[in-house]
Structure formats: C-alpha cells, structure tokens
$ cat run.cif   # mmCIF, C-alpha atoms; chains and numbers go by the auth columns
data_start
#
loop_
_atom_site.group_PDB
_atom_site.id
_atom_site.type_symbol
_atom_site.label_atom_id
_atom_site.label_comp_id
_atom_site.label_asym_id
_atom_site.label_seq_id
_atom_site.Cartn_x
_atom_site.Cartn_y
_atom_site.Cartn_z
_atom_site.B_iso_or_equiv
_atom_site.auth_seq_id
_atom_site.auth_asym_id
ATOM 1 C CA MET A 1 -14.800 32.120 -23.733 0.00 1 A
ATOM 2 C CA GLY A 2 -13.243 28.609 -23.992 0.00 2 A
ATOM 3 C CA TYR A 3 -13.045 26.054 -21.213 0.00 3 A
ATOM 4 C CA HIS A 4 -9.410 26.808 -20.396 0.00 4 A
ATOM 5 C CA ASP A 5 -9.945 30.579 -20.499 0.00 5 A
ATOM 6 C CA HIS A 6 -11.721 30.613 -17.164 0.00 6 A
ATOM 7 C CA MET A 7 -9.216 28.439 -15.266 0.00 7 A
ATOM 8 C CA GLN A 8 -6.785 30.125 -12.915 0.00 8 A
ATOM 9 C CA LYS A 9 -3.727 28.224 -11.719 0.00 9 A
ATOM 10 C CA ILE A 10 -3.491 28.093 -7.930 0.00 10 A
ATOM 11 C CA ALA A 11 -0.411 25.903 -7.527 0.00 11 A
ATOM 12 C CA ASP A 12 1.866 23.438 -9.252 0.00 12 A
ATOM 13 C CA ILE A 13 2.670 20.211 -7.421 0.00 13 A
ATOM 14 C CA ASP A 14 5.928 18.935 -8.926 0.00 14 A
ATOM 15 C CA ILE A 15 6.210 15.390 -7.605 0.00 15 A
ATOM 16 C CA LEU A 16 9.241 14.610 -9.798 0.00 16 A
ATOM 17 C CA GLY A 17 11.295 17.769 -9.273 0.00 17 A
ATOM 18 C CA ASP A 18 10.430 19.268 -5.881 0.00 18 A
ATOM 19 C CA LYS A 19 13.055 17.863 -3.501 0.00 19 A
ATOM 20 C CA ASP A 20 11.096 18.931 -0.384 0.00 20 A
ATOM 21 C CA LEU A 21 7.984 17.166 -1.664 0.00 21 A
ATOM 22 C CA GLN A 22 10.040 14.090 -2.526 0.00 22 A
ATOM 23 C CA LEU A 23 11.350 14.093 1.056 0.00 23 A
ATOM 24 C CA ARG A 24 7.756 14.206 2.341 0.00 24 A
ATOM 25 C CA VAL A 25 6.847 11.320 0.020 0.00 25 A
ATOM 26 C CA THR A 26 9.836 9.327 1.294 0.00 26 A
ATOM 27 C CA ARG A 27 8.941 10.012 4.930 0.00 27 A
ATOM 28 C CA LEU A 28 5.312 8.991 4.408 0.00 28 A
ATOM 29 C CA SER A 29 6.418 5.882 2.553 0.00 29 A
ATOM 30 C CA LEU A 30 8.780 4.925 5.380 0.00 30 A
ATOM 31 C CA ALA A 31 6.032 5.579 7.941 0.00 31 A
ATOM 32 C CA PHE A 32 3.773 3.136 6.070 0.00 32 A
ATOM 33 C CA LEU A 33 6.555 0.554 6.102 0.00 33 A
ATOM 34 C CA VAL A 34 7.189 0.966 9.850 0.00 34 A
ATOM 35 C CA VAL A 35 3.457 0.675 10.630 0.00 35 A
ATOM 36 C CA THR A 36 3.236 -2.344 8.299 0.00 36 A
ATOM 37 C CA LEU A 37 6.110 -4.155 10.002 0.00 37 A
ATOM 38 C CA ALA A 38 4.676 -3.346 13.433 0.00 38 A
ATOM 39 C CA ALA A 39 1.221 -4.603 12.418 0.00 39 A
ATOM 40 C CA ALA A 40 2.676 -7.801 10.937 0.00 40 A
ATOM 41 C CA ALA A 41 4.726 -8.413 14.088 0.00 41 A
ATOM 42 C CA LEU A 42 1.685 -7.736 16.287 0.00 42 A
ATOM 43 C CA LEU A 43 -0.385 -10.197 14.266 0.00 43 A
ATOM 44 C CA ALA A 44 2.304 -12.841 14.643 0.00 44 A
ATOM 45 C CA VAL A 45 2.614 -12.211 18.399 0.00 45 A
ATOM 46 C CA CYS A 46 -1.173 -12.401 18.786 0.00 46 A
ATOM 47 C CA GLY A 47 -1.217 -15.847 17.286 0.00 47 A
ATOM 48 C CA ALA A 48 -1.681 -15.252 13.567 0.00 48 A
ATOM 49 C CA LEU A 49 1.117 -17.677 12.859 0.00 49 A
ATOM 50 C CA GLU A 50 1.163 -18.833 9.317 0.00 50 A
ATOM 51 C CA HIS A 51 3.313 -21.393 7.628 0.00 51 A
ATOM 52 C CA VAL A 52 6.203 -19.570 5.964 0.00 52 A
ATOM 53 C CA ASP A 53 7.799 -21.594 3.211 0.00 53 A
ATOM 54 C CA VAL A 54 9.315 -20.856 -0.166 0.00 54 A
ATOM 55 C CA TRP A 55 5.836 -20.283 -1.680 0.00 55 A
ATOM 56 C CA TRP A 56 5.013 -17.690 0.990 0.00 56 A
ATOM 57 C CA TRP A 57 8.162 -15.775 0.012 0.00 57 A
ATOM 58 C CA VAL A 58 7.353 -16.160 -3.691 0.00 58 A
ATOM 59 C CA ALA A 59 3.843 -14.775 -3.046 0.00 59 A
ATOM 60 C CA LEU A 60 5.334 -11.822 -1.138 0.00 60 A
ATOM 61 C CA ALA A 61 7.881 -11.059 -3.863 0.00 61 A
ATOM 62 C CA LEU A 62 5.363 -11.424 -6.690 0.00 62 A
ATOM 63 C CA GLY A 63 2.779 -9.347 -4.848 0.00 63 A
ATOM 64 C CA VAL A 64 5.262 -6.525 -4.350 0.00 64 A
ATOM 65 C CA VAL A 65 6.787 -6.579 -7.847 0.00 65 A
ATOM 66 C CA VAL A 66 3.563 -7.089 -9.823 0.00 66 A
ATOM 67 C CA ALA A 67 1.728 -4.395 -7.849 0.00 67 A
ATOM 68 C CA LEU A 68 3.988 -1.640 -9.221 0.00 68 A
ATOM 69 C CA PRO A 69 3.117 -1.836 -12.932 0.00 69 A
ATOM 70 C CA VAL A 70 -0.495 -2.809 -12.128 0.00 70 A
ATOM 71 C CA HIS A 71 -0.716 0.350 -9.986 0.00 71 A
ATOM 72 C CA GLU A 72 0.221 2.460 -13.009 0.00 72 A
ATOM 73 C CA LEU A 73 -2.161 0.558 -15.300 0.00 73 A
ATOM 74 C CA VAL A 74 -5.007 1.308 -12.851 0.00 74 A
ATOM 75 C CA HIS A 75 -4.079 5.006 -13.020 0.00 75 A
ATOM 76 C CA GLY A 76 -4.184 4.758 -16.818 0.00 76 A
ATOM 77 C CA ALA A 77 -7.587 3.061 -16.811 0.00 77 A
ATOM 78 C CA ALA A 78 -8.936 5.633 -14.343 0.00 78 A
ATOM 79 C CA PHE A 79 -7.652 8.470 -16.555 0.00 79 A
ATOM 80 C CA LYS A 80 -9.366 6.925 -19.585 0.00 80 A
ATOM 81 C CA LEU A 81 -12.616 6.446 -17.660 0.00 81 A
ATOM 82 C CA LEU A 82 -12.757 9.795 -15.856 0.00 82 A
ATOM 83 C CA CYS A 83 -10.918 12.071 -18.302 0.00 83 A
ATOM 84 C CA PRO A 84 -12.370 10.946 -21.664 0.00 84 A
ATOM 85 C CA GLY A 85 -10.212 11.650 -24.693 0.00 85 A
ATOM 86 C CA CYS A 86 -6.939 11.934 -22.804 0.00 86 A
ATOM 87 C CA ARG A 87 -3.823 10.197 -24.113 0.00 87 A
ATOM 88 C CA VAL A 88 -2.095 8.096 -21.458 0.00 88 A
ATOM 89 C CA SER A 89 1.635 7.336 -21.330 0.00 89 A
ATOM 90 C CA PHE A 90 3.954 5.831 -18.745 0.00 90 A
ATOM 91 C CA GLY A 91 7.438 6.688 -17.518 0.00 91 A
ATOM 92 C CA PHE A 92 10.161 6.099 -14.938 0.00 92 A
ATOM 93 C CA GLN A 93 12.335 8.696 -13.176 0.00 93 A
ATOM 94 C CA ASP A 94 14.389 8.622 -9.968 0.00 94 A
ATOM 95 C CA ALA A 95 12.861 5.344 -8.714 0.00 95 A
ATOM 96 C CA PHE A 96 9.342 6.599 -9.505 0.00 96 A
ATOM 97 C CA LEU A 97 7.086 4.803 -11.966 0.00 97 A
ATOM 98 C CA TYR A 98 4.396 7.167 -13.186 0.00 98 A
ATOM 99 C CA THR A 99 1.419 7.560 -15.483 0.00 99 A
ATOM 100 C CA ARG A 100 0.801 10.836 -17.233 0.00 100 A
ATOM 101 C CA THR A 101 -1.410 12.464 -19.776 0.00 101 A
ATOM 102 C CA ASP A 102 0.385 15.803 -20.034 0.00 102 A
ATOM 103 C CA GLY A 103 -2.602 18.032 -19.895 0.00 103 A
ATOM 104 C CA ALA A 104 -5.696 16.058 -18.966 0.00 104 A
ATOM 105 C CA GLU A 105 -7.877 18.382 -16.960 0.00 105 A
ATOM 106 C CA CYS A 106 -10.953 17.482 -14.984 0.00 106 A
ATOM 107 C CA GLU A 107 -12.921 18.280 -11.870 0.00 107 A
ATOM 108 C CA ARG A 108 -11.024 17.893 -8.634 0.00 108 A
ATOM 109 C CA ARG A 109 -13.099 14.950 -7.389 0.00 109 A
ATOM 110 C CA ARG A 110 -12.498 13.002 -10.624 0.00 110 A
ATOM 111 C CA MET A 111 -8.739 13.584 -10.536 0.00 111 A
ATOM 112 C CA VAL A 112 -8.599 12.636 -6.860 0.00 112 A
ATOM 113 C CA VAL A 113 -10.320 9.355 -7.804 0.00 113 A
ATOM 114 C CA VAL A 114 -7.696 8.872 -10.552 0.00 114 A
ATOM 115 C CA LEU A 115 -4.937 9.485 -7.987 0.00 115 A
ATOM 116 C CA LEU A 116 -6.425 7.221 -5.305 0.00 116 A
ATOM 117 C CA ALA A 117 -7.807 4.369 -7.458 0.00 117 A
ATOM 118 C CA PRO A 118 -4.644 2.212 -7.222 0.00 118 A
ATOM 119 C CA SER A 119 -4.367 2.814 -3.473 0.00 119 A
ATOM 120 C CA VAL A 120 -7.762 1.204 -3.048 0.00 120 A
ATOM 121 C CA LEU A 121 -7.991 -1.306 -5.903 0.00 121 A
ATOM 122 C CA VAL A 122 -4.438 -2.645 -6.028 0.00 122 A
ATOM 123 C CA THR A 123 -4.097 -2.758 -2.246 0.00 123 A
ATOM 124 C CA ALA A 124 -7.290 -4.803 -2.078 0.00 124 A
ATOM 125 C CA GLY A 125 -6.103 -6.877 -5.021 0.00 125 A
ATOM 126 C CA VAL A 126 -2.953 -7.980 -3.202 0.00 126 A
ATOM 127 C CA ALA A 127 -4.419 -8.291 0.300 0.00 127 A
ATOM 128 C CA VAL A 128 -7.713 -10.106 -0.362 0.00 128 A
ATOM 129 C CA PRO A 129 -6.195 -13.208 -1.978 0.00 129 A
ATOM 130 C CA ALA A 130 -3.766 -13.555 0.953 0.00 130 A
ATOM 131 C CA LEU A 131 -6.676 -13.259 3.384 0.00 131 A
ATOM 132 C CA VAL A 132 -8.671 -15.852 1.437 0.00 132 A
ATOM 133 C CA MET A 133 -5.662 -18.174 1.723 0.00 133 A
ATOM 134 C CA GLU A 134 -5.695 -17.465 5.500 0.00 134 A
ATOM 135 C CA ARG A 135 -2.400 -15.609 5.423 0.00 135 A
ATOM 136 C CA PRO A 136 -3.120 -12.410 7.420 0.00 136 A
ATOM 137 C CA VAL A 137 0.546 -11.525 7.970 0.00 137 A
ATOM 138 C CA LEU A 138 1.190 -11.817 4.235 0.00 138 A
ATOM 139 C CA ALA A 139 -1.921 -9.707 3.554 0.00 139 A
ATOM 140 C CA VAL A 140 -0.711 -6.952 5.896 0.00 140 A
ATOM 141 C CA LEU A 141 2.765 -6.985 4.379 0.00 141 A
ATOM 142 C CA LEU A 142 1.474 -6.855 0.799 0.00 142 A
ATOM 143 C CA ALA A 143 -1.051 -4.101 1.574 0.00 143 A
ATOM 144 C CA GLY A 144 1.434 -2.033 3.563 0.00 144 A
ATOM 145 C CA VAL A 145 4.251 -2.293 1.053 0.00 145 A
ATOM 146 C CA HIS A 146 1.877 -1.282 -1.737 0.00 146 A
ATOM 147 C CA LEU A 147 0.497 1.638 0.270 0.00 147 A
ATOM 148 C CA SER A 148 4.055 2.808 0.946 0.00 148 A
ATOM 149 C CA GLY A 149 4.407 3.078 -2.829 0.00 149 A
ATOM 150 C CA CYS A 150 1.226 5.177 -2.977 0.00 150 A
ATOM 151 C CA ALA A 151 2.670 7.971 -0.822 0.00 151 A
ATOM 152 C CA GLY A 152 3.033 10.431 -3.722 0.00 152 A
ATOM 153 C CA ASP A 153 -0.543 9.880 -4.890 0.00 153 A
ATOM 154 C CA LEU A 154 -1.834 10.212 -1.329 0.00 154 A
ATOM 155 C CA LEU A 155 0.069 13.459 -0.742 0.00 155 A
ATOM 156 C CA MET A 156 -1.029 15.006 -4.047 0.00 156 A
ATOM 157 C CA SER A 157 -4.647 14.079 -3.264 0.00 157 A
ATOM 158 C CA ALA A 158 -4.393 15.545 0.234 0.00 158 A
ATOM 159 C CA MET A 159 -2.879 18.758 -1.122 0.00 159 A
ATOM 160 C CA ALA A 160 -5.644 19.085 -3.727 0.00 160 A
ATOM 161 C CA LEU A 161 -8.387 18.411 -1.183 0.00 161 A
ATOM 162 C CA ALA A 162 -6.833 20.841 1.323 0.00 162 A
ATOM 163 C CA GLU A 163 -7.027 23.734 -1.161 0.00 163 A
ATOM 164 C CA PRO A 164 -10.597 25.078 -0.928 0.00 164 A
ATOM 165 C CA ARG A 165 -10.251 27.159 -4.120 0.00 165 A
ATOM 166 C CA CYS A 166 -9.302 24.095 -6.204 0.00 166 A
ATOM 167 C CA THR A 167 -12.165 23.087 -8.491 0.00 167 A
ATOM 168 C CA HIS A 168 -10.159 21.318 -11.210 0.00 168 A
ATOM 169 C CA ILE A 169 -6.803 19.585 -11.577 0.00 169 A
ATOM 170 C CA ARG A 170 -4.559 19.356 -14.615 0.00 170 A
ATOM 171 C CA ASP A 171 -2.099 16.502 -15.042 0.00 171 A
ATOM 172 C CA THR A 172 1.361 17.843 -15.904 0.00 172 A
ATOM 173 C CA GLU A 173 4.632 16.349 -17.041 0.00 173 A
ATOM 174 C CA THR A 174 5.943 16.411 -13.456 0.00 174 A
ATOM 175 C CA GLY A 175 2.805 16.168 -11.304 0.00 175 A
ATOM 176 C CA ILE A 176 -0.398 18.163 -11.194 0.00 176 A
ATOM 177 C CA SER A 177 -1.622 21.763 -11.259 0.00 177 A
ATOM 178 C CA LEU A 178 -4.403 22.888 -8.960 0.00 178 A
ATOM 179 C CA LEU A 179 -6.879 25.109 -10.798 0.00 179 A
ATOM 180 C CA SER A 180 -9.803 27.298 -9.883 0.00 180 A
ATOM 181 C CA ASP A 181 -12.744 27.850 -12.181 0.00 181 A
ATOM 182 C CA VAL A 182 -12.997 31.630 -11.888 0.00 182 A
ATOM 183 C CA SER A 183 -16.307 31.654 -13.771 0.00 183 A
ATOM 184 C CA GLU A 184 -17.930 29.755 -10.861 0.00 184 A
ATOM 185 C CA GLY A 185 -17.325 32.769 -8.627 0.00 185 A
ATOM 186 C CA ALA A 186 -19.031 35.067 -11.129 0.00 186 A
ATOM 187 C CA ARG A 187 -22.269 33.029 -11.027 0.00 187 A
#
$ encode --input "run.cif" --output "structure tokens"
Amino acid sequence: MGYHDHMQKIADIDILGDKDLQLRVTRLSLAFLVVTLAAAALLAVCGALEHVDVWWWVALALGVVVALPVHELVHGAAFKLLCPGCRVSFGFQDAFLYTRTDGAECERRRMVVVLLAPSVLVTAGVAVPALVMERPVLAVLLAGVHLSGCAGDLLMSAMALAEPRCTHIRDTETGISLLSDVSEGAR
C-alpha cells in the first residue's frame, strides 16, 4: 500500500474559486485594516507622535509593496524546507498573489507552518525595523497592512486546525485539500 493509498480526502478549500470563501477572506482583511487604523490612531492620540515626512511615506509604500512578493517567497522557502522534493511555482489571479506546488502533501502541522510562516516572519520583518527607528505608528501600519494580506492563509490554517480528522494537507492548484490518514485509525 503506497503513501497516497491510505489518504482520504475530507474537504477541498478552494481559495481562488470559492466566492463565499473569498468574501470571508475580504471581510477578515478589512477587519485587520480597521483594527490597524484604529491602533495607529490610538497610538498617535496617546502621544506616539512621529515625524511624518516624505521618507516616512516612502518607507510605508516600500514596506507594503515589497512585503507582497517577499510573503510569497517565504511560502516557497517554507515549502522547500518542510515538504522536501516539492516543486514551487508562483502565480497571480483576481488580485491574489500565490505560491503553489500542485500536489505537495505533508503532515497538517508542517503545512500550517508553511501557511503561517509569512504572517509571522514578514510581519516581523516590516514592523521591527520601524520600531528600531522609533516609528511605532509606521510599525503598526506596516504590520497591519501585511496581516490584512495574510487573511487567506490565516483562514485556511484555521479551517485545517478546526478539522479534527485532518492529519495531512495537500497543496492544490486552487488552495488545499484536507486529508485523513485512514491507516492511523487502523493502528
């Protein structure tokens, strides 16, 4: 019996084609943006005034724009590290940048790390330098805007973790498939 022979598909999560899921992603993304703006305003009201000049705006724009492709590169590196042998490619559809392997399959915890790695690493990568430069409002804006772009990854991770039968996840052309190792139940 081969590795794939004992995997049972539980669900497909189609992040690129499921309009209801895309609406949930959009709502979560907007919620992150609202919380981000509120937190930045609260910081400013509480005295975290920082000098806003042309370089502040350049840092904000660069931090937002550069974070997008770096986010996908972190996914690619995480795939290579945690799903050895997989072939990584990148794409763009309906305002979504994405990384895919079309078939990489690994334990749920590894794939959740692949999904969440940019949320942690890239968010820290844009916020920490702003904090070091004593720009807390800029740090909050950069972190929040990046996290708003992580909504799809966060939702897919939450869906995978919420399914108790899910032991493995397969990357697909449009998202992920939640799998159960049926041989584990026979042990």
$ residues_around --input "run.cif" --residues "A:Ala77" --least-positions-apart "4" --cutoff "12 Å" --atoms "only C-alpha atoms" --output "ChimeraX atom specification"
/A:70-73,81-89,99-101,113-115,117-118,121
$ residues_around --input "run.cif" --residues "A:Arg24" --least-positions-apart "4" --cutoff "9 Å" --atoms "only C-alpha atoms" --output "count of residues only"
7
$ resolve_selection --input "run.cif" --expression "the PyMOL selection byres ((chain A and resi 63) around 12)" --output "ChimeraX atom specification"
/A:55-62,64-71,122-130,138-146
$ atom_distance --input "run.cif" --atom1 "atom CA of A:Ala31" --atom2 "atom CA of A:Met159"
18.3 Å
$ atom_distance --input "run.cif" --atom1 "atom CA of A:Gly103" --atom2 "atom CA of A:Thr26"
26.1 Å
$ closest_residue --input "run.cif" --among "A:Gln8, A:Ser148, A:Ser119, A:Gln93" --to "A:His168" --atoms "all atoms listed in the file"
A:Gln8
$ axis_aligned_box --input "run.cif" --around "stretch 124-128 of chain A" --padding-each-side "4 Å" --output "JSON"
{"center_x": -5.3, "center_y": -7.5, "center_z": -2.4, "size_x": 12.8, "size_y": 13.3, "size_z": 13.3}
$ resolve_selection --input "run.cif" --expression "the PyMOL selection byres ((chain A and resi 107) around 10)" --output "VMD selection string"
chain A and resid 82 to 83 105 to 106 108 to 112 166 to 170 179 to 181
$ atom_distance --input "run.cif" --atom1 "atom CA of A:Lys80" --atom2 "atom CA of A:Leu16"
22.4 Å
$ resolve_selection --input "run.cif" --expression "the PyMOL selection byres ((chain A and resi 13) around 8)" --output "list in words"
Ala11, Asp12, Asp14, Ile15, Asp18, Met156, Thr174, Gly175, Ile176, Ser177 and Leu178 of chain A
$ closest_residue --input "run.cif" --among "A:Asp171, A:Leu161, A:Val182, A:Pro136" --to "A:Ala39" --atoms "all atoms listed in the file"
A:Pro136
$ residues_around --input "run.cif" --residues "A:Gly47" --least-positions-apart "6" --cutoff "12 Å" --atoms "only C-alpha atoms" --output "MDAnalysis selection string"
chainID A and resid 40:41 135:137
$ decode --input "run.cif" --residues "stretch 31-42 of chain A" --atoms "all heavy atoms" --output "PDB file, in the first residue's frame"
ATOM      1  N   ALA A  31     -11.248  43.729   8.278  1.00  0.00           N
ATOM      2  CA  ALA A  31     -11.237  43.823   9.744  1.00  0.00           C
ATOM      3  C   ALA A  31      -9.823  44.135  10.244  1.00  0.00           C
ATOM      4  O   ALA A  31      -9.646  44.975  11.139  1.00  0.00           O
ATOM      5  CB  ALA A  31     -11.751  42.530  10.365  1.00  0.00           C
ATOM      6  N   PHE A  32      -8.819  43.491   9.652  1.00  0.00           N
ATOM      7  CA  PHE A  32      -7.430  43.791  10.018  1.00  0.00           C
ATOM      8  C   PHE A  32      -7.107  45.257   9.725  1.00  0.00           C
ATOM      9  O   PHE A  32      -6.455  45.922  10.521  1.00  0.00           O
ATOM     10  CB  PHE A  32      -6.438  42.896   9.256  1.00  0.00           C
ATOM     11  CG  PHE A  32      -6.154  41.591   9.924  1.00  0.00           C
ATOM     12  CD1 PHE A  32      -6.504  40.392   9.318  1.00  0.00           C
ATOM     13  CD2 PHE A  32      -5.513  41.542  11.153  1.00  0.00           C
ATOM     14  CE1 PHE A  32      -6.237  39.184   9.924  1.00  0.00           C
ATOM     15  CE2 PHE A  32      -5.234  40.333  11.764  1.00  0.00           C
ATOM     16  CZ  PHE A  32      -5.600  39.155  11.152  1.00  0.00           C
ATOM     17  N   LEU A  33      -7.565  45.748   8.586  1.00  0.00           N
ATOM     18  CA  LEU A  33      -7.283  47.136   8.229  1.00  0.00           C
ATOM     19  C   LEU A  33      -7.958  48.112   9.189  1.00  0.00           C
ATOM     20  O   LEU A  33      -7.354  49.109   9.599  1.00  0.00           O
ATOM     21  CB  LEU A  33      -7.707  47.414   6.786  1.00  0.00           C
ATOM     22  CG  LEU A  33      -6.845  46.766   5.715  1.00  0.00           C
ATOM     23  CD1 LEU A  33      -7.434  47.011   4.320  1.00  0.00           C
ATOM     24  CD2 LEU A  33      -5.411  47.263   5.774  1.00  0.00           C
ATOM     25  N   VAL A  34      -9.199  47.843   9.570  1.00  0.00           N
ATOM     26  CA  VAL A  34      -9.916  48.715  10.508  1.00  0.00           C
ATOM     27  C   VAL A  34      -9.205  48.723  11.863  1.00  0.00           C
ATOM     28  O   VAL A  34      -8.973  49.788  12.454  1.00  0.00           O
ATOM     29  CB  VAL A  34     -11.397  48.284  10.648  1.00  0.00           C
ATOM     30  CG1 VAL A  34     -12.070  48.952  11.829  1.00  0.00           C
ATOM     31  CG2 VAL A  34     -12.151  48.577   9.355  1.00  0.00           C
ATOM     32  N   VAL A  35      -8.840  47.535  12.357  1.00  0.00           N
ATOM     33  CA  VAL A  35      -8.135  47.440  13.642  1.00  0.00           C
ATOM     34  C   VAL A  35      -6.781  48.154  13.547  1.00  0.00           C
ATOM     35  O   VAL A  35      -6.365  48.852  14.481  1.00  0.00           O
ATOM     36  CB  VAL A  35      -7.971  45.966  14.075  1.00  0.00           C
ATOM     37  CG1 VAL A  35      -7.005  45.829  15.240  1.00  0.00           C
ATOM     38  CG2 VAL A  35      -9.331  45.376  14.423  1.00  0.00           C
ATOM     39  N   THR A  36      -6.106  48.002  12.416  1.00  0.00           N
ATOM     40  CA  THR A  36      -4.808  48.652  12.207  1.00  0.00           C
ATOM     41  C   THR A  36      -4.943  50.169  12.259  1.00  0.00           C
ATOM     42  O   THR A  36      -4.172  50.847  12.946  1.00  0.00           O
ATOM     43  CB  THR A  36      -4.211  48.230  10.851  1.00  0.00           C
ATOM     44  OG1 THR A  36      -3.973  46.825  10.894  1.00  0.00           O
ATOM     45  CG2 THR A  36      -2.935  48.971  10.531  1.00  0.00           C
ATOM     46  N   LEU A  37      -5.911  50.705  11.548  1.00  0.00           N
ATOM     47  CA  LEU A  37      -6.112  52.159  11.544  1.00  0.00           C
ATOM     48  C   LEU A  37      -6.488  52.658  12.932  1.00  0.00           C
ATOM     49  O   LEU A  37      -6.004  53.711  13.369  1.00  0.00           O
ATOM     50  CB  LEU A  37      -7.156  52.544  10.501  1.00  0.00           C
ATOM     51  CG  LEU A  37      -6.733  52.331   9.050  1.00  0.00           C
ATOM     52  CD1 LEU A  37      -7.891  52.618   8.103  1.00  0.00           C
ATOM     53  CD2 LEU A  37      -5.527  53.182   8.699  1.00  0.00           C
ATOM     54  N   ALA A  38      -7.328  51.902  13.633  1.00  0.00           N
ATOM     55  CA  ALA A  38      -7.713  52.290  14.993  1.00  0.00           C
ATOM     56  C   ALA A  38      -6.503  52.268  15.928  1.00  0.00           C
ATOM     57  O   ALA A  38      -6.315  53.183  16.739  1.00  0.00           O
ATOM     58  CB  ALA A  38      -8.818  51.368  15.511  1.00  0.00           C
ATOM     59  N   ALA A  39      -5.675  51.236  15.812  1.00  0.00           N
ATOM     60  CA  ALA A  39      -4.488  51.130  16.666  1.00  0.00           C
ATOM     61  C   ALA A  39      -3.497  52.250  16.364  1.00  0.00           C
ATOM     62  O   ALA A  39      -2.920  52.848  17.280  1.00  0.00           O
ATOM     63  CB  ALA A  39      -3.822  49.769  16.479  1.00  0.00           C
ATOM     64  N   ALA A  40      -3.314  52.570  15.083  1.00  0.00           N
ATOM     65  CA  ALA A  40      -2.409  53.656  14.708  1.00  0.00           C
ATOM     66  C   ALA A  40      -2.929  54.989  15.226  1.00  0.00           C
ATOM     67  O   ALA A  40      -2.159  55.804  15.760  1.00  0.00           O
ATOM     68  CB  ALA A  40      -2.224  53.700  13.187  1.00  0.00           C
ATOM     69  N   ALA A  41      -4.231  55.214  15.111  1.00  0.00           N
ATOM     70  CA  ALA A  41      -4.824  56.457  15.619  1.00  0.00           C
ATOM     71  C   ALA A  41      -4.699  56.532  17.140  1.00  0.00           C
ATOM     72  O   ALA A  41      -4.371  57.587  17.691  1.00  0.00           O
ATOM     73  CB  ALA A  41      -6.292  56.543  15.198  1.00  0.00           C
ATOM     74  N   LEU A  42      -4.930  55.411  17.817  1.00  0.00           N
ATOM     75  CA  LEU A  42      -4.808  55.381  19.278  1.00  0.00           C
ATOM     76  C   LEU A  42      -3.378  55.679  19.718  1.00  0.00           C
ATOM     77  O   LEU A  42      -3.164  56.435  20.668  1.00  0.00           O
ATOM     78  CB  LEU A  42      -5.254  54.015  19.810  1.00  0.00           C
ATOM     79  CG  LEU A  42      -5.279  53.842  21.326  1.00  0.00           C
ATOM     80  CD1 LEU A  42      -6.258  54.823  21.961  1.00  0.00           C
ATOM     81  CD2 LEU A  42      -5.644  52.420  21.686  1.00  0.00           C
TER      82      LEU A  42
END
